[in-house]
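Q: mmCIF, C-alpha atoms and all ligand atoms, file start-v4.cif:
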```
data_structure
loop_
_atom_site.label_atom_id
_atom_site.label_comp_id
_atom_site.auth_asym_id
_atom_site.auth_seq_id
_atom_site.Cartn_x
_atom_site.Cartn_y
_atom_site.Cartn_z
CA VAL A 1 -6.67 -15.51 19.08
CA TYR A 2 -3.40 -14.77 17.36
CA GLU A 3 -0.66 -12.14 17.64
CA GLY A 4 1.59 -11.83 14.61
CA ARG A 5 4.27 -9.56 13.23
CA ILE A 6 1.91 -7.43 11.11
CA PHE A 7 -1.50 -7.87 12.73
CA ARG A 8 -3.40 -9.63 15.49
CA ILE A 9 -6.69 -11.47 15.36
CA GLU A 10 -9.35 -10.98 18.02
CA ARG A 11 -12.56 -12.92 18.52
CA ASP A 12 -15.10 -10.65 20.21
CA ARG A 13 -18.55 -11.57 21.52
CA VAL A 14 -20.67 -8.63 20.38
CA ARG A 15 -24.30 -7.72 21.05
CA LEU A 16 -25.70 -6.15 17.87
CA SER A 17 -28.32 -3.38 17.87
CA ASN A 18 -31.00 -5.99 17.08
CA GLY A 19 -30.16 -7.77 20.33
CA ARG A 20 -28.46 -10.79 18.78
CA VAL A 21 -25.12 -11.86 20.17
CA VAL A 22 -22.49 -12.96 17.68
CA ASP A 23 -18.81 -13.85 17.73
CA LEU A 24 -16.84 -11.66 15.33
CA GLU A 25 -13.29 -12.39 14.18
CA ILE A 26 -11.46 -9.13 13.57
CA VAL A 27 -7.98 -8.39 12.24
CA ARG A 28 -6.39 -5.48 14.13
CA HIS A 29 -3.71 -3.71 12.11
CA ARG A 30 -1.50 -0.66 12.81
CA GLY A 31 -2.30 0.84 9.43
CA SER A 32 -0.28 1.22 6.29
CA VAL A 33 0.90 3.72 3.73
CA VAL A 34 0.53 3.58 -0.05
CA VAL A 35 3.12 5.51 -2.03
CA ILE A 36 2.45 7.02 -5.46
CA PRO A 37 5.94 7.86 -6.74
CA GLN A 38 5.93 10.29 -9.67
CA PRO A 39 9.23 10.91 -11.50
CA SER A 40 7.21 13.39 -13.60
CA PRO A 41 3.54 14.47 -13.58
CA ARG A 42 2.71 12.01 -16.39
CA GLU A 43 4.53 9.02 -14.90
CA VAL A 44 4.25 6.71 -11.94
CA ILE A 45 6.53 3.98 -10.61
CA LEU A 46 5.01 0.57 -9.91
CA ILE A 47 6.70 -2.46 -8.43
CA ARG A 48 6.37 -6.05 -9.55
CA GLN A 49 6.10 -8.31 -6.58
CA TYR A 50 5.28 -11.93 -5.79
CA ARG A 51 2.26 -12.15 -3.49
CA TYR A 52 2.21 -15.47 -1.71
CA ALA A 53 -1.41 -15.09 -0.51
CA ILE A 54 -2.70 -15.18 -4.07
CA ASP A 55 0.30 -17.03 -5.58
CA ARG A 56 0.80 -14.41 -8.28
CA TRP A 57 3.30 -11.82 -9.43
CA ILE A 58 1.48 -8.49 -9.58
CA TRP A 59 2.16 -4.86 -10.44
CA GLU A 60 1.27 -2.51 -7.61
CA LEU A 61 2.08 0.79 -5.95
CA PRO A 62 4.77 0.59 -3.25
CA ALA A 63 3.20 0.20 0.19
CA GLY A 64 3.87 -1.11 3.63
CA SER A 65 2.79 -1.25 7.23
CA ILE A 66 3.50 1.65 9.56
CA ASP A 67 6.10 0.63 12.14
CA ALA A 68 5.31 0.93 15.86
CA GLY A 69 5.76 4.56 16.90
CA GLU A 70 6.38 5.67 13.32
CA VAL A 71 4.72 8.79 11.90
CA PRO A 72 2.77 7.86 8.72
CA ARG A 73 4.61 10.40 6.56
CA ALA A 74 7.94 8.92 7.68
CA ALA A 75 6.64 5.47 6.75
CA ALA A 76 5.82 6.79 3.26
CA ARG A 77 9.35 8.17 2.89
CA ARG A 78 10.84 4.89 4.14
CA GLU A 79 8.75 2.68 1.85
CA CYS A 80 9.64 4.88 -1.13
CA GLU A 81 13.33 4.45 -0.33
CA GLU A 82 13.13 0.73 0.47
CA GLU A 83 10.94 -0.36 -2.40
CA ILE A 84 12.05 1.82 -5.32
CA GLY A 85 15.43 3.11 -4.11
CA ARG A 86 14.54 6.79 -4.43
CA THR A 87 14.22 9.57 -1.92
CA ALA A 88 11.27 11.95 -2.18
CA GLY A 89 11.73 15.73 -1.96
CA ARG A 90 7.98 16.33 -1.80
CA ILE A 91 5.44 14.12 -0.04
CA THR A 92 1.73 15.00 -0.26
CA ARG A 93 -1.05 13.26 1.66
CA LEU A 94 -3.96 12.49 -0.65
CA GLY A 95 -6.36 10.77 1.73
CA ALA A 96 -6.96 7.66 3.83
CA TRP A 97 -9.36 4.77 3.39
CA TYR A 98 -10.26 1.39 4.89
CA PRO A 99 -9.73 -1.36 2.27
CA THR A 100 -11.49 -4.14 4.16
CA PRO A 101 -13.78 -2.76 6.90
CA GLY A 102 -15.80 -5.99 7.09
CA PHE A 103 -13.23 -7.77 9.21
CA CYS A 104 -10.11 -5.60 9.39
CA ASP A 105 -9.40 -2.15 10.87
CA GLU A 106 -6.38 -1.45 8.63
CA ARG A 107 -6.45 2.08 7.28
CA MET A 108 -4.36 2.93 4.22
CA ILE A 109 -2.97 6.44 3.92
CA PHE A 110 -2.08 7.51 0.37
CA TYR A 111 0.90 9.77 -0.34
CA ARG A 112 2.13 11.22 -3.60
CA CYS A 113 5.94 11.29 -3.69
CA ALA A 114 7.62 13.73 -6.08
CA ASP A 115 11.03 15.36 -6.60
CA LEU A 116 12.52 11.86 -6.62
CA LYS A 117 16.28 11.40 -6.40
CA PRO A 118 18.24 8.13 -6.52
CA LEU A 119 19.37 6.94 -3.12
CA THR A 120 23.09 7.08 -2.58
CA ARG A 121 23.07 4.55 0.24
CA GLU A 122 21.92 0.93 0.41
CA VAL A 123 18.60 0.34 2.13
CA ALA A 124 17.48 -2.70 4.04
CA ARG A 125 14.61 -4.51 2.38
CA ASP A 126 12.13 -6.82 4.06
CA LEU A 127 13.25 -10.43 3.63
CA ASP A 128 9.85 -11.46 2.31
CA GLU A 129 9.95 -8.92 -0.49
CA GLN A 130 11.29 -9.52 -4.00
CA ILE A 131 10.68 -6.27 -5.79
CA GLU A 132 11.25 -4.95 -9.29
CA PRO A 133 10.40 -1.25 -9.80
CA ARG A 134 9.55 0.21 -13.22
CA VAL A 135 8.48 3.63 -14.53
CA PHE A 136 5.14 3.68 -16.40
CA THR A 137 3.19 6.48 -18.03
CA LEU A 138 -0.14 7.15 -16.30
CA ALA A 139 -1.83 6.30 -19.61
CA ALA A 140 -0.15 2.88 -19.65
CA VAL A 141 -1.20 2.20 -16.05
CA ARG A 142 -4.79 3.23 -16.79
CA SER A 143 -4.88 0.78 -19.67
CA MET A 144 -3.37 -1.98 -17.47
CA ILE A 145 -6.24 -1.34 -15.03
CA ALA A 146 -8.83 -1.44 -17.81
CA ARG A 147 -7.39 -4.70 -19.20
CA GLY A 148 -7.28 -6.37 -15.80
CA THR A 149 -3.48 -6.59 -15.80
CA ILE A 150 -3.47 -4.61 -12.56
CA ILE A 151 -5.55 -6.48 -9.97
CA ASP A 152 -4.49 -4.67 -6.78
CA MET A 153 -7.21 -2.38 -5.43
CA LYS A 154 -4.97 0.12 -3.63
CA THR A 155 -3.20 0.66 -6.95
CA VAL A 156 -6.49 1.34 -8.73
CA VAL A 157 -7.45 3.83 -6.00
CA GLY A 158 -4.03 5.53 -5.94
CA VAL A 159 -3.81 5.96 -9.71
CA GLY A 160 -7.38 7.32 -9.67
CA LEU A 161 -6.33 9.97 -7.15
CA ILE A 162 -3.52 11.14 -9.40
CA SER A 163 -5.63 11.02 -12.57
CA ARG A 164 -8.32 13.17 -11.01
CA ARG A 165 -5.75 15.82 -10.20
CA GLY A 166 -4.82 15.97 -13.88
CA ALA A 167 -1.48 15.69 -15.55
CA ALA A 168 -0.17 18.76 -13.74
CA GLY A 169 -0.95 16.89 -10.46
MG MG A 201 5.68 -3.44 0.74
#
```
Using the file provided, produce a representation of the structure as structure tokens.

A:
Amino acid sequence: VYEGRIFRIERDRVRLSNGRVVDLEIVRHRGSVVVIPQPSPREVILIRQYRYAIDRWIWELPAGSIDAGEVPRAAARRECEEEIGRTAGRITRLGAWYPTPGFCDERMIFYRCADLKPLTREVARDLDEQIEPRVFTLAAVRSMIARGTIIDMKTVVGVGLISRRGAAG
């Protein structure tokens, strides 16, 4: 139906197990990475970003689509550099989940990024991204989630992964 820069849309005629035939519209996506940057075990860096789809500025974990032919871990390193301007000495995979399996096959892979150092070189940023990074304590982020200040689900999931590992994470 549609082939775009980030995803394509297919309309498939599918026979379900009950015998009924339905047309399903599906978003096919290459997958994405979510980065949990930790300057210290008790802190996390979020970015403030304007999201056109919901017409809101929101706080969220850095994230982005995996480029064609790109290894997911390399995408995590790249997004960390592009979105918060820091390079990660240690990148740990925490898991992978489907955010929207009802109509989309995007899978998000979560990485904790630690041993962060400022980048010495300029990085190219996507033109559609206006990003402001800021360091928060995990306690502050948990309270932003509880108050509804954070409304992005991947951020809720990512912070939960870190919290479960404890402060020594
Ligand atoms: Mg992004």

Q: Please, which residues in chain A fall within 9 Å of ligand MG 201 (chain A) when counting all atoms listed in the file, and what is the closest atom pair and distance in Å to one decimal for each, ordered by chain then residue number, as JSON lines?

A:
```
{"residue": "A:Val34", "atom": "CA", "partner": "A:MG201", "partner_atom": "MG", "distance": 8.7}
{"residue": "A:Gln49", "atom": "CA", "partner": "A:MG201", "partner_atom": "MG", "distance": 8.8}
{"residue": "A:Leu61", "atom": "CA", "partner": "A:MG201", "partner_atom": "MG", "distance": 8.7}
{"residue": "A:Pro62", "atom": "CA", "partner": "A:MG201", "partner_atom": "MG", "distance": 5.7}
{"residue": "A:Ala63", "atom": "CA", "partner": "A:MG201", "partner_atom": "MG", "distance": 4.4}
{"residue": "A:Gly64", "atom": "CA", "partner": "A:MG201", "partner_atom": "MG", "distance": 4.1}
{"residue": "A:Ser65", "atom": "CA", "partner": "A:MG201", "partner_atom": "MG", "distance": 7.4}
{"residue": "A:Glu79", "atom": "CA", "partner": "A:MG201", "partner_atom": "MG", "distance": 6.9}
{"residue": "A:Glu82", "atom": "CA", "partner": "A:MG201", "partner_atom": "MG", "distance": 8.5}
{"residue": "A:Glu83", "atom": "CA", "partner": "A:MG201", "partner_atom": "MG", "distance": 6.9}
{"residue": "A:Asp126", "atom": "CA", "partner": "A:MG201", "partner_atom": "MG", "distance": 8.0}
{"residue": "A:Glu129", "atom": "CA", "partner": "A:MG201", "partner_atom": "MG", "distance": 7.1}
{"residue": "A:Ile131", "atom": "CA", "partner": "A:MG201", "partner_atom": "MG", "distance": 8.7}
```

Q: Have a look at atom CA of Glu3 of chain A and atom CA of Ala68 of chain A and let me know their distance in Å, one decimal.

A: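 Separation between atom CA of Glu3 of chain A and atom CA of Ala68 of chain A: 14.5 Å.
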
Q: Set the distance at 9 Å and use all atoms listed in the file: which residues neighbour Gly95 of chain A once local chain neighbours fewer than 5 positions away are removed? I'd like the list as JSON, numbers by chain.

A: {"A": [108, 109, 110, 111, 161]}

Q: Skipping near chain neighbours, those fewer than 2 positions away, what residues fall within 12 Å of Ile91 of chain A using only C-alpha atoms, listed as a PyMOL selection string?

A: chain A and resi 33-38+72-78+80+87-89+93-94+110-116

Q: Keeping only C-alpha atoms, write the selected residues to a file as a PDB file, in the frame of the given file.

A:
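This is the output file out27.pdb:
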```pdb
ATOM      1  CA  VAL A  33       0.900   3.720   3.730  1.00  0.00           C
ATOM      2  CA  VAL A  34       0.530   3.580  -0.050  1.00  0.00           C
ATOM      3  CA  VAL A  35       3.120   5.510  -2.030  1.00  0.00           C
ATOM      4  CA  ILE A  36       2.450   7.020  -5.460  1.00  0.00           C
ATOM      5  CA  PRO A  37       5.940   7.860  -6.740  1.00  0.00           C
ATOM      6  CA  GLN A  38       5.930  10.290  -9.670  1.00  0.00           C
ATOM      7  CA  PRO A  72       2.770   7.860   8.720  1.00  0.00           C
ATOM      8  CA  ARG A  73       4.610  10.400   6.560  1.00  0.00           C
ATOM      9  CA  ALA A  74       7.940   8.920   7.680  1.00  0.00           C
ATOM     10  CA  ALA A  75       6.640   5.470   6.750  1.00  0.00           C
ATOM     11  CA  ALA A  76       5.820   6.790   3.260  1.00  0.00           C
ATOM     12  CA  ARG A  77       9.350   8.170   2.890  1.00  0.00           C
ATOM     13  CA  ARG A  78      10.840   4.890   4.140  1.00  0.00           C
ATOM     14  CA  CYS A  80       9.640   4.880  -1.130  1.00  0.00           C
ATOM     15  CA  THR A  87      14.220   9.570  -1.920  1.00  0.00           C
ATOM     16  CA  ALA A  88      11.270  11.950  -2.180  1.00  0.00           C
ATOM     17  CA  GLY A  89      11.730  15.730  -1.960  1.00  0.00           C
ATOM     18  CA  ARG A  93      -1.050  13.260   1.660  1.00  0.00           C
ATOM     19  CA  LEU A  94      -3.960  12.490  -0.650  1.00  0.00           C
ATOM     20  CA  PHE A 110      -2.080   7.510   0.370  1.00  0.00           C
ATOM     21  CA  TYR A 111       0.900   9.770  -0.340  1.00  0.00           C
ATOM     22  CA  ARG A 112       2.130  11.220  -3.600  1.00  0.00           C
ATOM     23  CA  CYS A 113       5.940  11.290  -3.690  1.00  0.00           C
ATOM     24  CA  ALA A 114       7.620  13.730  -6.080  1.00  0.00           C
ATOM     25  CA  ASP A 115      11.030  15.360  -6.600  1.00  0.00           C
ATOM     26  CA  LEU A 116      12.520  11.860  -6.620  1.00  0.00           C
TER      27      LEU A 116
END
```

Q: How many Å lie between atom CA of Asp67 of chain A and atom CA of Ile6 of chain A, rounded to one decimal?

A: 9.1 Å

Q: Have a look at atom CA of Pro99 of chain A and atom CA of Val157 of chain A and let me know their distance in Å, one decimal.

A: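 Going from atom CA of Pro99 of chain A over to atom CA of Val157 of chain A, I get 10.0 Å.
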
Q: Which of these residues is nearest to Arg42 of chain A, using only C-alpha atoms: A:Glu60, A:Arg5, A:Val14, A:Leu138?

A: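 Nearest candidate to Arg42 of chain A out of A:Glu60, A:Arg5, A:Val14, A:Leu138: A:Leu138.
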
Q: Let me make sure I understand: among A:Ile66, A:Phe7, A:Glu43, A:Gly102, which one has the smallest atom-to-atom distance to Ala140 of chain A if we use all atoms listed in the file?

A: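 Looking at the shortest contact to Ala140 of chain A, the residue is A:Glu43.
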
Q: I want to know what sits within 7 Å of Cys104 of chain A, based on only C-alpha atoms, with residues of the same chain fewer than 5 positions away left out; could you give that as a list in words?

A: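 Near neighbours after the sequence-gap exclusion: Ile26, Val27 and Arg28 of chain A.
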
Q: Just give me the residues with any atom within 12 Å of (5.6, -12.3, -7.9), file coordinates, counting only C-alpha atoms, written as an MDAnalysis selection string.

A: chainID A and resid 47:60 128:132

Q: Generate the output file for the selected residues, C-alpha atoms, as an mmCIF file, in the frame of the given file.

A:
```
data_model
loop_
_atom_site.group_PDB
_atom_site.id
_atom_site.type_symbol
_atom_site.label_atom_id
_atom_site.label_comp_id
_atom_site.auth_asym_id
_atom_site.auth_seq_id
_atom_site.Cartn_x
_atom_site.Cartn_y
_atom_site.Cartn_z
ATOM 1 C CA ILE A 47 6.700 -2.460 -8.430
ATOM 2 C CA ARG A 48 6.370 -6.050 -9.550
ATOM 3 C CA GLN A 49 6.100 -8.310 -6.580
ATOM 4 C CA TYR A 50 5.280 -11.930 -5.790
ATOM 5 C CA ARG A 51 2.260 -12.150 -3.490
ATOM 6 C CA TYR A 52 2.210 -15.470 -1.710
ATOM 7 C CA ALA A 53 -1.410 -15.090 -0.510
ATOM 8 C CA ILE A 54 -2.700 -15.180 -4.070
ATOM 9 C CA ASP A 55 0.300 -17.030 -5.580
ATOM 10 C CA ARG A 56 0.800 -14.410 -8.280
ATOM 11 C CA TRP A 57 3.300 -11.820 -9.430
ATOM 12 C CA ILE A 58 1.480 -8.490 -9.580
ATOM 13 C CA TRP A 59 2.160 -4.860 -10.440
ATOM 14 C CA GLU A 60 1.270 -2.510 -7.610
ATOM 15 C CA ASP A 128 9.850 -11.460 2.310
ATOM 16 C CA GLU A 129 9.950 -8.920 -0.490
ATOM 17 C CA GLN A 130 11.290 -9.520 -4.000
ATOM 18 C CA ILE A 131 10.680 -6.270 -5.790
ATOM 19 C CA GLU A 132 11.250 -4.950 -9.290
#
```

Q: Can you tell me which residues surround Pro118 of chain A at a distance of at most 9 Å, considering all atoms listed in the file, apart from same-chain residues fewer than 2 positions away, and format the answer as a ChimeraX atom specification?

A: /A:81,84-87,116,120

Q: Assuming 6 Å of padding per side, give the centre and edge lengths of the axis-aligned box around every listed atom of segment 1-17 of chain A, in Å to one decimal and as lines of an AutoDock Vina configuration file.

A:
```
center_x = -12.0
center_y = -9.4
center_z = 16.3
size_x = 44.6
size_y = 24.1
size_z = 22.4
```

Q: Could segment 86-99 of chain A be completed with N, CA, C and O atoms and written as a compact mmCIF listing (two decimals), in the frame of the given file, please?

A:
```txt
# COMPACT_ATOMS: atom_id res chain seq x y z
N ARG A 86 14.46 5.35 -4.18
CA ARG A 86 14.54 6.79 -4.43
C ARG A 86 14.04 7.55 -3.21
O ARG A 86 13.16 7.11 -2.49
N THR A 87 14.63 8.73 -3.02
CA THR A 87 14.22 9.57 -1.92
C THR A 87 13.32 10.68 -2.46
O THR A 87 13.55 11.18 -3.56
N ALA A 88 12.27 11.01 -1.70
CA ALA A 88 11.27 11.95 -2.18
C ALA A 88 11.50 13.33 -1.57
O ALA A 88 11.58 13.48 -0.36
N GLY A 89 11.58 14.36 -2.44
CA GLY A 89 11.73 15.73 -1.96
C GLY A 89 10.40 16.33 -1.53
O GLY A 89 10.35 17.26 -0.74
N ARG A 90 9.30 15.78 -2.09
CA ARG A 90 7.98 16.33 -1.80
C ARG A 90 7.01 15.18 -1.57
O ARG A 90 6.88 14.29 -2.40
N ILE A 91 6.38 15.18 -0.40
CA ILE A 91 5.44 14.12 -0.04
C ILE A 91 4.10 14.76 0.30
O ILE A 91 4.02 15.59 1.20
N THR A 92 3.05 14.38 -0.43
CA THR A 92 1.73 15.00 -0.26
C THR A 92 0.71 13.95 0.13
O THR A 92 0.55 12.94 -0.56
N ARG A 93 0.00 14.19 1.23
CA ARG A 93 -1.05 13.26 1.66
C ARG A 93 -2.29 13.47 0.80
O ARG A 93 -2.76 14.60 0.65
N LEU A 94 -2.82 12.39 0.25
CA LEU A 94 -3.96 12.49 -0.65
C LEU A 94 -5.25 11.99 -0.03
O LEU A 94 -6.34 12.22 -0.56
N GLY A 95 -5.15 11.27 1.09
CA GLY A 95 -6.36 10.77 1.73
C GLY A 95 -6.10 9.44 2.41
O GLY A 95 -5.00 8.89 2.30
N ALA A 96 -7.11 8.93 3.11
CA ALA A 96 -6.96 7.66 3.83
C ALA A 96 -8.28 6.90 3.78
O ALA A 96 -9.35 7.49 3.93
N TRP A 97 -8.16 5.60 3.53
CA TRP A 97 -9.36 4.77 3.39
C TRP A 97 -9.16 3.39 4.00
O TRP A 97 -8.03 2.91 4.10
N TYR A 98 -10.28 2.76 4.36
CA TYR A 98 -10.26 1.39 4.89
C TYR A 98 -10.51 0.42 3.74
O TYR A 98 -11.60 0.41 3.16
N PRO A 99 -9.53 -0.44 3.39
CA PRO A 99 -9.73 -1.36 2.27
C PRO A 99 -10.69 -2.51 2.58
O PRO A 99 -11.36 -3.02 1.68
```
